Every structure is written in structure tokens, then in C-alpha cells.
file model-v5.pdb (PDB, C-alpha atoms, pLDDT in the B column)
ATOM      1  CA  MET A   1      88.854 103.967  52.608  1.00 58.00           C
ATOM      2  CA  ASP A   2      86.607 106.577  54.164  1.00 70.00           C
ATOM      3  CA  GLU A   3      82.945 105.750  54.509  1.00 76.00           C
ATOM      4  CA  GLY A   4      81.209 108.804  53.157  1.00 90.00           C
ATOM      5  CA  THR A   5      77.502 108.776  52.460  1.00 96.00           C
ATOM      6  CA  ILE A   6      76.145 106.204  50.022  1.00 97.00           C
ATOM      7  CA  GLY A   7      72.940 107.107  48.212  1.00 97.00           C
ATOM      8  CA  THR A   8      70.276 104.995  46.544  1.00 97.00           C
ATOM      9  CA  GLU A   9      66.891 105.871  45.120  1.00 97.00           C
ATOM     10  CA  ARG A  10      65.135 105.632  48.486  1.00 98.00           C
ATOM     11  CA  LEU A  11      67.958 105.494  51.031  1.00 98.00           C
ATOM     12  CA  LEU A  12      70.963 107.306  52.385  1.00 98.00           C
ATOM     13  CA  LEU A  13      73.621 105.268  54.141  1.00 98.00           C
ATOM     14  CA  THR A  14      75.324 107.713  56.508  1.00 97.00           C
ATOM     15  CA  PRO A  15      78.490 106.961  58.482  1.00 97.00           C
ATOM     16  CA  LEU A  16      77.652 105.592  61.927  1.00 97.00           C
ATOM     17  CA  GLY A  17      78.652 107.594  64.985  1.00 93.00           C
ATOM     18  CA  ALA A  18      78.377 106.902  68.704  1.00 90.00           C
ATOM     19  CA  GLY A  19      75.559 109.476  68.896  1.00 93.00           C
ATOM     20  CA  ASP A  20      73.414 107.410  66.537  1.00 97.00           C
ATOM     21  CA  ALA A  21      72.714 104.997  69.397  1.00 97.00           C
ATOM     22  CA  ASP A  22      70.027 107.316  70.755  1.00 96.00           C
ATOM     23  CA  GLU A  23      68.028 107.024  67.535  1.00 96.00           C
ATOM     24  CA  LEU A  24      68.803 103.392  66.730  1.00 97.00           C
ATOM     25  CA  VAL A  25      68.095 101.901  70.153  1.00 97.00           C
ATOM     26  CA  GLY A  26      64.381 101.882  69.346  1.00 96.00           C
ATOM     27  CA  VAL A  27      64.879 100.563  65.807  1.00 96.00           C
ATOM     28  CA  LEU A  28      66.987  97.675  67.117  1.00 95.00           C
ATOM     29  CA  ALA A  29      64.962  97.009  70.293  1.00 94.00           C
ATOM     30  CA  ASP A  30      62.752  94.172  69.070  1.00 93.00           C
ATOM     31  CA  PRO A  31      63.861  90.763  70.415  1.00 92.00           C
ATOM     32  CA  GLY A  32      62.700  89.259  67.099  1.00 90.00           C
ATOM     33  CA  LEU A  33      65.822  90.690  65.457  1.00 90.00           C
ATOM     34  CA  HIS A  34      67.837  88.182  67.484  1.00 87.00           C
ATOM     35  CA  GLU A  35      65.934  85.089  66.383  1.00 87.00           C
ATOM     36  CA  PHE A  36      68.755  83.932  64.108  1.00 86.00           C
ATOM     37  CA  ILE A  37      71.775  85.634  65.665  1.00 83.00           C
ATOM     38  CA  GLY A  38      71.079  85.020  69.329  1.00 84.00           C
ATOM     39  CA  GLY A  39      71.485  87.410  72.189  1.00 90.00           C
ATOM     40  CA  ARG A  40      69.147  90.216  73.127  1.00 94.00           C
ATOM     41  CA  PRO A  41      68.633  93.847  72.179  1.00 94.00           C
ATOM     42  CA  ALA A  42      71.285  96.175  73.562  1.00 95.00           C
ATOM     43  CA  THR A  43      70.428  98.832  76.096  1.00 96.00           C
ATOM     44  CA  LEU A  44      71.104 102.448  75.178  1.00 96.00           C
ATOM     45  CA  GLU A  45      74.317 102.435  77.208  1.00 96.00           C
ATOM     46  CA  GLU A  46      75.481  99.176  75.595  1.00 96.00           C
ATOM     47  CA  LEU A  47      74.684 100.484  72.130  1.00 96.00           C
ATOM     48  CA  ARG A  48      76.541 103.759  72.778  1.00 96.00           C
ATOM     49  CA  ALA A  49      79.599 101.800  73.921  1.00 96.00           C
ATOM     50  CA  ARG A  50      79.373  99.416  70.949  1.00 95.00           C
ATOM     51  CA  PHE A  51      79.048 102.276  68.454  1.00 96.00           C
ATOM     52  CA  ALA A  52      81.948 104.156  70.065  1.00 96.00           C
ATOM     53  CA  ALA A  53      84.134 101.054  69.706  1.00 95.00           C
ATOM     54  CA  MET A  54      82.999 100.497  66.130  1.00 94.00           C
ATOM     55  CA  THR A  55      83.744 104.118  65.262  1.00 93.00           C
ATOM     56  CA  ALA A  56      87.217 103.858  66.835  1.00 92.00           C
ATOM     57  CA  GLY A  57      88.034 100.962  64.503  1.00 92.00           C
ATOM     58  CA  SER A  58      90.078  97.816  64.840  1.00 92.00           C
ATOM     59  CA  GLY A  59      93.422  99.541  65.355  1.00 90.00           C
ATOM     60  CA  SER A  60      94.991  97.415  62.613  1.00 93.00           C
ATOM     61  CA  PRO A  61      95.886  98.891  59.209  1.00 90.00           C
ATOM     62  CA  ASP A  62      95.021  95.486  57.707  1.00 93.00           C
ATOM     63  CA  GLU A  63      91.457  95.521  59.064  1.00 95.00           C
ATOM     64  CA  LEU A  64      89.029  98.391  58.580  1.00 95.00           C
ATOM     65  CA  TRP A  65      85.562  98.680  60.102  1.00 96.00           C
ATOM     66  CA  ARG A  66      83.026 100.618  58.066  1.00 96.00           C
ATOM     67  CA  ASN A  67      79.517 101.142  59.403  1.00 97.00           C
ATOM     68  CA  TRP A  68      76.510 103.093  58.178  1.00 98.00           C
ATOM     69  CA  VAL A  69      73.061 104.016  59.396  1.00 98.00           C
ATOM     70  CA  VAL A  70      70.409 103.177  56.785  1.00 98.00           C
ATOM     71  CA  ARG A  71      68.060 106.157  56.498  1.00 98.00           C
ATOM     72  CA  ARG A  72      65.033 106.808  54.332  1.00 98.00           C
ATOM     73  CA  ARG A  73      65.646 109.734  51.994  1.00 97.00           C
ATOM     74  CA  ALA A  74      62.040 110.892  52.318  1.00 97.00           C
ATOM     75  CA  ASP A  75      62.195 111.712  56.029  1.00 97.00           C
ATOM     76  CA  GLY A  76      65.722 110.877  57.247  1.00 97.00           C
ATOM     77  CA  GLN A  77      64.395 108.220  59.620  1.00 97.00           C
ATOM     78  CA  ALA A  78      66.836 105.468  60.555  1.00 98.00           C
ATOM     79  CA  VAL A  79      65.576 102.019  59.569  1.00 98.00           C
ATOM     80  CA  GLY A  80      68.696  99.946  60.261  1.00 98.00           C
ATOM     81  CA  THR A  81      72.428  99.567  59.726  1.00 97.00           C
ATOM     82  CA  VAL A  82      74.914  97.995  57.326  1.00 98.00           C
ATOM     83  CA  GLN A  83      78.529  97.199  57.969  1.00 97.00           C
ATOM     84  CA  ALA A  84      81.647  95.959  56.246  1.00 97.00           C
ATOM     85  CA  THR A  85      84.757  94.568  57.879  1.00 97.00           C
ATOM     86  CA  LEU A  86      87.525  94.946  55.335  1.00 96.00           C
ATOM     87  CA  SER A  87      90.617  92.742  55.521  1.00 96.00           C
ATOM     88  CA  ARG A  88      93.791  93.229  53.533  1.00 92.00           C
ATOM     89  CA  ARG A  89      94.784  89.979  51.831  1.00 86.00           C
ATOM     90  CA  GLN A  90      97.780  89.093  49.655  1.00 82.00           C
ATOM     91  CA  ARG A  91      95.711  89.902  46.568  1.00 82.00           C
ATOM     92  CA  GLY A  92      93.948  93.018  47.838  1.00 86.00           C
ATOM     93  CA  TRP A  93      90.970  93.648  50.082  1.00 93.00           C
ATOM     94  CA  SER A  94      88.055  91.398  50.994  1.00 96.00           C
ATOM     95  CA  ALA A  95      84.991  92.325  53.043  1.00 97.00           C
ATOM     96  CA  GLU A  96      82.558  90.632  55.379  1.00 97.00           C
ATOM     97  CA  VAL A  97      79.230  92.428  55.260  1.00 98.00           C
ATOM     98  CA  ALA A  98      76.125  92.424  57.417  1.00 97.00           C
ATOM     99  CA  TRP A  99      72.823  94.254  57.557  1.00 97.00           C
ATOM    100  CA  VAL A 100      69.968  94.696  59.973  1.00 96.00           C
ATOM    101  CA  VAL A 101      66.666  96.461  59.424  1.00 97.00           C
ATOM    102  CA  GLY A 102      64.254  97.050  62.281  1.00 96.00           C
ATOM    103  CA  LEU A 103      61.197  94.806  62.267  1.00 94.00           C
ATOM    104  CA  ALA A 104      58.858  97.769  61.735  1.00 94.00           C
ATOM    105  CA  HIS A 105      60.686  98.538  58.474  1.00 96.00           C
ATOM    106  CA  GLN A 106      61.119  95.025  57.085  1.00 95.00           C
ATOM    107  CA  GLY A 107      59.362  93.769  53.968  1.00 95.00           C
ATOM    108  CA  GLN A 108      59.879  97.041  52.084  1.00 97.00           C
ATOM    109  CA  GLY A 109      63.119  96.149  50.302  1.00 97.00           C
ATOM    110  CA  TYR A 110      65.323  98.422  52.416  1.00 98.00           C
ATOM    111  CA  ALA A 111      67.803  95.691  53.378  1.00 98.00           C
ATOM    112  CA  ALA A 112      68.293  94.542  49.778  1.00 98.00           C
ATOM    113  CA  GLU A 113      68.634  98.120  48.515  1.00 98.00           C
ATOM    114  CA  ALA A 114      71.167  98.963  51.232  1.00 98.00           C
ATOM    115  CA  ALA A 115      73.131  95.715  50.755  1.00 98.00           C
ATOM    116  CA  ARG A 116      73.316  96.255  46.964  1.00 97.00           C
ATOM    117  CA  ALA A 117      74.562  99.797  47.548  1.00 97.00           C
ATOM    118  CA  LEU A 118      77.168  98.570  50.021  1.00 97.00           C
ATOM    119  CA  VAL A 119      78.459  95.881  47.651  1.00 97.00           C
ATOM    120  CA  GLY A 120      78.601  98.489  44.873  1.00 95.00           C
ATOM    121  CA  TRP A 121      80.552 100.857  47.130  1.00 96.00           C
ATOM    122  CA  LEU A 122      83.011  98.046  47.896  1.00 96.00           C
ATOM    123  CA  ALA A 123      83.404  97.202  44.197  1.00 93.00           C
ATOM    124  CA  GLU A 124      84.209 100.851  43.422  1.00 93.00           C
ATOM    125  CA  ARG A 125      87.031 100.599  45.951  1.00 91.00           C
ATOM    126  CA  ASP A 126      88.502  97.468  44.381  1.00 88.00           C
ATOM    127  CA  VAL A 127      87.397  95.103  47.124  1.00 93.00           C
ATOM    128  CA  GLY A 128      87.659  91.778  45.312  1.00 90.00           C
ATOM    129  CA  GLU A 129      85.543  89.477  47.463  1.00 95.00           C
ATOM    130  CA  VAL A 130      82.447  90.117  49.565  1.00 97.00           C
ATOM    131  CA  VAL A 131      81.231  87.565  52.114  1.00 98.00           C
ATOM    132  CA  ALA A 132      78.166  87.344  54.346  1.00 98.00           C
ATOM    133  CA  HIS A 133      77.347  84.698  56.969  1.00 97.00           C
ATOM    134  CA  ILE A 134      73.647  83.820  57.075  1.00 97.00           C
ATOM    135  CA  HIS A 135      71.745  81.425  59.314  1.00 95.00           C
ATOM    136  CA  PRO A 136      70.431  78.583  57.120  1.00 96.00           C
ATOM    137  CA  GLY A 137      66.874  79.208  58.343  1.00 94.00           C
ATOM    138  CA  HIS A 138      66.876  82.949  57.642  1.00 95.00           C
ATOM    139  CA  ALA A 139      65.202  83.018  54.218  1.00 95.00           C
ATOM    140  CA  ALA A 140      64.716  86.805  54.186  1.00 95.00           C
ATOM    141  CA  SER A 141      68.416  87.461  54.763  1.00 96.00           C
ATOM    142  CA  ALA A 142      69.311  84.890  52.099  1.00 97.00           C
ATOM    143  CA  ARG A 143      67.110  86.831  49.623  1.00 97.00           C
ATOM    144  CA  VAL A 144      68.919  90.041  50.586  1.00 97.00           C
ATOM    145  CA  ALA A 145      72.292  88.396  49.951  1.00 98.00           C
ATOM    146  CA  GLU A 146      71.118  87.095  46.595  1.00 97.00           C
ATOM    147  CA  ARG A 147      69.815  90.525  45.573  1.00 96.00           C
ATOM    148  CA  ALA A 148      73.182  91.983  46.549  1.00 96.00           C
ATOM    149  CA  GLY A 149      74.903  89.608  44.118  1.00 96.00           C
ATOM    150  CA  LEU A 150      76.141  87.017  46.599  1.00 98.00           C
ATOM    151  CA  GLN A 151      75.808  83.265  46.139  1.00 98.00           C
ATOM    152  CA  PRO A 152      75.580  80.553  48.799  1.00 98.00           C
ATOM    153  CA  THR A 153      78.541  78.214  49.187  1.00 97.00           C
ATOM    154  CA  ASP A 154      78.951  74.842  50.860  1.00 97.00           C
ATOM    155  CA  ASP A 155      81.099  76.527  53.534  1.00 97.00           C
ATOM    156  CA  ARG A 156      79.789  77.017  57.073  1.00 97.00           C
ATOM    157  CA  VAL A 157      81.038  79.238  59.890  1.00 96.00           C
ATOM    158  CA  ASP A 158      79.476  78.681  63.303  1.00 94.00           C
ATOM    159  CA  GLY A 159      76.587  76.910  61.575  1.00 94.00           C
ATOM    160  CA  GLU A 160      75.900  79.799  59.197  1.00 96.00           C
ATOM    161  CA  VAL A 161      76.039  79.532  55.413  1.00 97.00           C
ATOM    162  CA  VAL A 162      78.860  81.517  53.817  1.00 98.00           C
ATOM    163  CA  TRP A 163      77.620  83.606  50.888  1.00 98.00           C
ATOM    164  CA  ARG A 164      80.242  84.987  48.483  1.00 97.00           C
ATOM    165  CA  GLY A 165      80.423  87.478  45.692  1.00 94.00           C
ATOM    166  CA  VAL A 166      83.308  88.601  43.534  1.00 83.00           C
ATOM    167  CA  THR A 167      83.280  92.267  42.606  1.00 78.00           C
ATOM    168  CA  GLY A 168      86.213  92.150  40.236  1.00 66.00           C
ATOM    169  CA  GLY A 169      88.473  94.286  42.455  1.00 58.00           C
TER     170      GLY A 169
END

call {"tool": "encode", "arguments": {"input": "model-v5.pdb", "output": "C-alpha cells"}}
result
Amino acid sequence: MDEGTIGTERLLLTPLGAGDADELVGVLADPGLHEFIGGRPATLEELRARFAAMTAGSGSPDELWRNWVVRRRADGQAVGTVQATLSRRQRGWSAEVAWVVGLAHQGQGYAAEAARALVGWLAERDVGEVVAHIHPGHAASARVAERAGLQPTDDRVDGEVVWRGVTGG
């Protein structure tokens, strides 16, 4: 299940590489991005190492890591990332998805557009279930999940609400 580039009206989701850390370190540098997930912004060296590990993959044929840089079509500027962790189940594949858009680029619909495109890409590859974990206080991320076709459940993981969508795969 190769990543490839995913296109939308305003965005290109391009496969993430270790070299993308140089561009994304600034996009992801605002401590406000960690309000709901904890931690702190990664340094350039930490981000390079993280991206290299993500690009290398899980090492398991039953778990695939797919990661993209979210770029504006108009100028190619990176505005964030999306990711899917695909797991082979008895009845096919499922995916956990996540998105992050730099604070300077929020409020423009990029996260929702990218998340919808990602869920569509997964559906085209017969991934049957898509899941996102969202902090109960993160209203903006909940709106993104809803726009991507996911629905909140009563399930919680580490205090976060589990959002689910069925793609029909």
C-alpha cells in the first residue's frame, strides 16, 4: 500500500521523508500545538530522527505506517502532516489516523480537507475502519474528524474520545 501523492483542490499530500524535517520544524515549532497532546515541539535533530524512523516503517507486515506532508498547491508550502497507521485484522485492514496543521495555517480548512482526502485514499484501498483519538476538549480537531466522516463513540483511550468511520472496505 504505497503512499503516493494525494491531491485535493487546494492541497497536495506528499509522502513524508526524513529530509522534510528541515522544512517542517518551523511549522511544528509552536508549543500551542501540544496543548491537547502534551509534550513539546521537537528540535530539528529530534524531528529528523522521528521522520527517519517513520519512513523506515514498523517492520511488521501486519502494520504499515503511512505519512504525508500537507502542502498548499498554490506555492508548495508545507502546512502540516497527516498519518495513517494501518493494521491487518481478521477481516481486512483498519487505520488509525492523525493530523496536525501548524498554528499559522489553522482556521483555513486545511486539516479537514487533508483528513477527508486521507480517509478517501484509505477507502479506495479497502481499509474498512478508520479511527482517530481526539482529546475531549479539542473542538477544532473534533470538527475535522466529523468533516472526514468519523463519528464520536463512547470509547476512550488514554482519556481521548475514539472517533470511528466505516469506509466499506

call {"tool": "closest_residue", "arguments": {"input": "model-v5.pdb", "among": "A:Leu47, A:Val166, A:Ala112, A:Ala52", "to": "Leu24 in chain A", "atoms": "all atoms listed in the file"}}
result
A:Leu47

call {"tool": "closest_residue", "arguments": {"input": "model-v5.pdb", "among": "A:Ser58, A:Thr8, A:Ser141, A:Thr43", "to": "Gln106 in chain A", "atoms": "all atoms listed in the file"}}
result
A:Ser141

call {"tool": "residues_around", "arguments": {"input": "model-v5.pdb", "residues": "Gly102 in chain A", "least_positions_apart": "6", "cutoff": "12 Å", "atoms": "all atoms listed in the file", "output": "ChimeraX atom specification"}}
result
/A:23-34,41,69-71,77-82,108,110-111

call {"tool": "write_last_selection", "arguments": {"input": "model-v5.pdb", "atoms": "C-alpha atoms", "output": "CSV table (one decimal), keeping the file's coordinate frame"}}
result
chain,number,residue,atom,x,y,z
A,23,GLU,CA,68.0,107.0,67.5
A,24,LEU,CA,68.8,103.4,66.7
A,25,VAL,CA,68.1,101.9,70.2
A,26,GLY,CA,64.4,101.9,69.3
A,27,VAL,CA,64.9,100.6,65.8
A,28,LEU,CA,67.0,97.7,67.1
A,29,ALA,CA,65.0,97.0,70.3
A,30,ASP,CA,62.8,94.2,69.1
A,31,PRO,CA,63.9,90.8,70.4
A,32,GLY,CA,62.7,89.3,67.1
A,33,LEU,CA,65.8,90.7,65.5
A,34,HIS,CA,67.8,88.2,67.5
A,41,PRO,CA,68.6,93.8,72.2
A,69,VAL,CA,73.1,104.0,59.4
A,70,VAL,CA,70.4,103.2,56.8
A,71,ARG,CA,68.1,106.2,56.5
A,77,GLN,CA,64.4,108.2,59.6
A,78,ALA,CA,66.8,105.5,60.6
A,79,VAL,CA,65.6,102.0,59.6
A,80,GLY,CA,68.7,99.9,60.3
A,81,THR,CA,72.4,99.6,59.7
A,82,VAL,CA,74.9,98.0,57.3
A,108,GLN,CA,59.9,97.0,52.1
A,110,TYR,CA,65.3,98.4,52.4
A,111,ALA,CA,67.8,95.7,53.4

call {"tool": "resolve_selection", "arguments": {"input": "model-v5.pdb", "expression": "the PyMOL selection byres ((chain A and resi 86) around 6)", "output": "NGL selection string"}}
result
:A and (63-64 or 85 or 87 or 94-95)

call {"tool": "axis_aligned_box", "arguments": {"input": "model-v5.pdb", "around": "range 85-102 of chain A", "padding_each_side": "3 Å", "output": "lines of an AutoDock Vina configuration file"}}
result
center_x = 81.0
center_y = 93.1
center_z = 54.4
size_x = 39.5
size_y = 14.0
size_z = 21.7

call {"tool": "closest_residue", "arguments": {"input": "model-v5.pdb", "among": "A:Val101, A:Ala84, A:Val131, A:Val144", "to": "Val161 in chain A", "atoms": "all atoms listed in the file"}}
result
A:Val131

call {"tool": "closest_atom_pairs", "arguments": {"input": "model-v5.pdb", "of": "range 35-123 of chain A", "to": "range 15-21 of chain A", "cutoff": "8 Å", "atoms": "only C-alpha atoms", "output": "CSV"}}
result
residue,atom,partner,partner_atom,distance
A:Leu44,CA,A:Ala21,CA,6.5
A:Leu47,CA,A:Ala21,CA,5.6
A:Arg48,CA,A:Ala21,CA,5.3
A:Ala49,CA,A:Ala18,CA,7.4
A:Arg50,CA,A:Ala18,CA,7.9
A:Phe51,CA,A:Ala18,CA,4.7
A:Ala52,CA,A:Ala18,CA,4.7
A:Thr55,CA,A:Gly17,CA,6.2
A:Arg66,CA,A:Pro15,CA,7.8
A:Asn67,CA,A:Leu16,CA,5.4
A:Trp68,CA,A:Pro15,CA,4.4
A:Val69,CA,A:Leu16,CA,5.5

call {"tool": "residues_near_point", "arguments": {"input": "model-v5.pdb", "point": "(81.9, 98.4, 49.0)", "cutoff": "10 Å", "atoms": "all atoms listed in the file", "output": "list in words"}}
result
Met1, Glu3, Ile6, Arg66, Gln83, Ala84, Leu86, Ser94, Ala95, Val97, Ala115, Arg116, Ala117, Leu118, Val119, Gly120, Trp121, Leu122, Ala123, Glu124, Arg125, Asp126, Val127, Gly128, Glu129, Val130 and Thr167 of chain A

call {"tool": "closest_residue", "arguments": {"input": "model-v5.pdb", "among": "A:Phe36, A:Glu46, A:Trp93, A:Ala53", "to": "Pro136 in chain A", "atoms": "all atoms listed in the file"}}
result
A:Phe36

call {"tool": "residues_around", "arguments": {"input": "model-v5.pdb", "residues": "Ala132 in chain A", "least_positions_apart": "3", "cutoff": "7 Å", "atoms": "only C-alpha atoms", "output": "JSON, numbers by chain"}}
result
{"A": [96, 97, 98, 162, 163, 164]}

call {"tool": "write_last_selection", "arguments": {"input": "model-v5.pdb", "atoms": "C-alpha atoms", "output": "compact mmCIF listing (two decimals), keeping the file's coordinate frame"}}
result
# COMPACT_ATOMS: atom_id res chain seq x y z
CA GLU A 96 82.56 90.63 55.38
CA VAL A 97 79.23 92.43 55.26
CA ALA A 98 76.12 92.42 57.42
CA VAL A 162 78.86 81.52 53.82
CA TRP A 163 77.62 83.61 50.89
CA ARG A 164 80.24 84.99 48.48

call {"tool": "atom_distance", "arguments": {"input": "model-v5.pdb", "atom1": "CA of Gly159 in chain A", "atom2": "CA of Ile37 in chain A"}}
result
10.8 Å

call {"tool": "atom_distance", "arguments": {"input": "model-v5.pdb", "atom1": "CA of Arg72 in chain A", "atom2": "CA of Arg10 in chain A"}}
result
6.0 Å

call {"tool": "closest_residue", "arguments": {"input": "model-v5.pdb", "among": "A:Gly109, A:Gly165, A:Gly76, A:Gly149", "to": "Leu13 in chain A", "atoms": "all atoms listed in the file"}}
result
A:Gly76

call {"tool": "residues_around", "arguments": {"input": "model-v5.pdb", "residues": "Asp158 in chain A", "least_positions_apart": "5", "cutoff": "10 Å", "atoms": "only C-alpha atoms", "output": "ChimeraX atom specification"}}
result
/A:133-135

call {"tool": "closest_residue", "arguments": {"input": "model-v5.pdb", "among": "A:Leu12, A:Glu160, A:Arg89, A:Arg143", "to": "Gly107 in chain A", "atoms": "all atoms listed in the file"}}
result
A:Arg143

call {"tool": "atom_distance", "arguments": {"input": "model-v5.pdb", "atom1": "CA of Trp65 in chain A", "atom2": "CA of Arg88 in chain A"}}
result
11.9 Å

call {"tool": "decode", "arguments": {"input": "model-v5.pdb", "residues": "range 73-93 of chain A", "atoms": "N, CA and C atoms", "output": "CSV table (one decimal), in the first residue's frame"}}
result
chain,number,residue,atom,x,y,z
A,73,ARG,N,-1.2,23.6,-2.8
A,73,ARG,CA,-0.9,23.5,-4.2
A,73,ARG,C,-0.3,24.8,-4.8
A,74,ALA,N,-0.9,26.0,-4.3
A,74,ALA,CA,-0.5,27.3,-4.8
A,74,ALA,C,1.0,27.6,-4.8
A,75,ASP,N,1.6,27.2,-3.7
A,75,ASP,CA,3.0,27.6,-3.5
A,75,ASP,C,3.9,26.4,-3.0
A,76,GLY,N,3.3,25.3,-2.8
A,76,GLY,CA,4.1,24.1,-2.3
A,76,GLY,C,4.5,24.2,-0.9
A,77,GLN,N,4.1,25.2,-0.1
A,77,GLN,CA,4.5,25.4,1.3
A,77,GLN,C,3.9,24.3,2.1
A,78,ALA,N,4.7,23.7,3.0
A,78,ALA,CA,4.2,22.7,4.0
A,78,ALA,C,3.4,23.5,5.0
A,79,VAL,N,2.2,22.9,5.3
A,79,VAL,CA,1.3,23.5,6.4
A,79,VAL,C,1.1,22.5,7.5
A,80,GLY,N,1.5,21.2,7.3
A,80,GLY,CA,1.3,20.2,8.4
A,80,GLY,C,1.5,18.8,7.9
A,81,THR,N,1.0,17.9,8.6
A,81,THR,CA,1.2,16.4,8.2
A,81,THR,C,-0.1,15.7,8.5
A,82,VAL,N,-0.3,14.5,7.8
A,82,VAL,CA,-1.3,13.6,8.2
A,82,VAL,C,-0.6,12.2,8.2
A,83,GLN,N,-1.2,11.3,8.9
A,83,GLN,CA,-0.6,10.0,9.0
A,83,GLN,C,-1.7,8.9,9.2
A,84,ALA,N,-1.4,7.7,8.8
A,84,ALA,CA,-2.3,6.6,9.0
A,84,ALA,C,-1.4,5.4,9.4
A,85,THR,N,-1.8,4.8,10.5
A,85,THR,CA,-1.2,3.5,10.9
A,85,THR,C,-2.2,2.4,10.6
A,86,LEU,N,-1.8,1.6,9.6
A,86,LEU,CA,-2.7,0.6,9.1
A,86,LEU,C,-2.4,-0.8,9.8
A,87,SER,N,-3.4,-1.5,10.3
A,87,SER,CA,-3.3,-2.7,10.9
A,87,SER,C,-4.1,-3.8,10.2
A,88,ARG,N,-3.5,-4.9,9.9
A,88,ARG,CA,-4.2,-6.0,9.3
A,88,ARG,C,-5.0,-6.7,10.4
A,89,ARG,N,-6.3,-6.9,10.2
A,89,ARG,CA,-7.2,-7.5,11.1
A,89,ARG,C,-7.7,-8.8,10.4
A,90,GLN,N,-8.5,-9.6,11.1
A,90,GLN,CA,-9.0,-10.8,10.5
A,90,GLN,C,-9.9,-10.5,9.3
A,91,ARG,N,-10.6,-9.4,9.3
A,91,ARG,CA,-11.5,-9.0,8.3
A,91,ARG,C,-10.9,-7.9,7.4
A,92,GLY,N,-9.6,-7.8,7.2
A,92,GLY,CA,-9.0,-6.8,6.4
A,92,GLY,C,-8.3,-5.7,7.2
A,93,TRP,N,-8.1,-4.6,6.6
A,93,TRP,CA,-7.3,-3.5,7.2
A,93,TRP,C,-8.1,-2.5,7.9
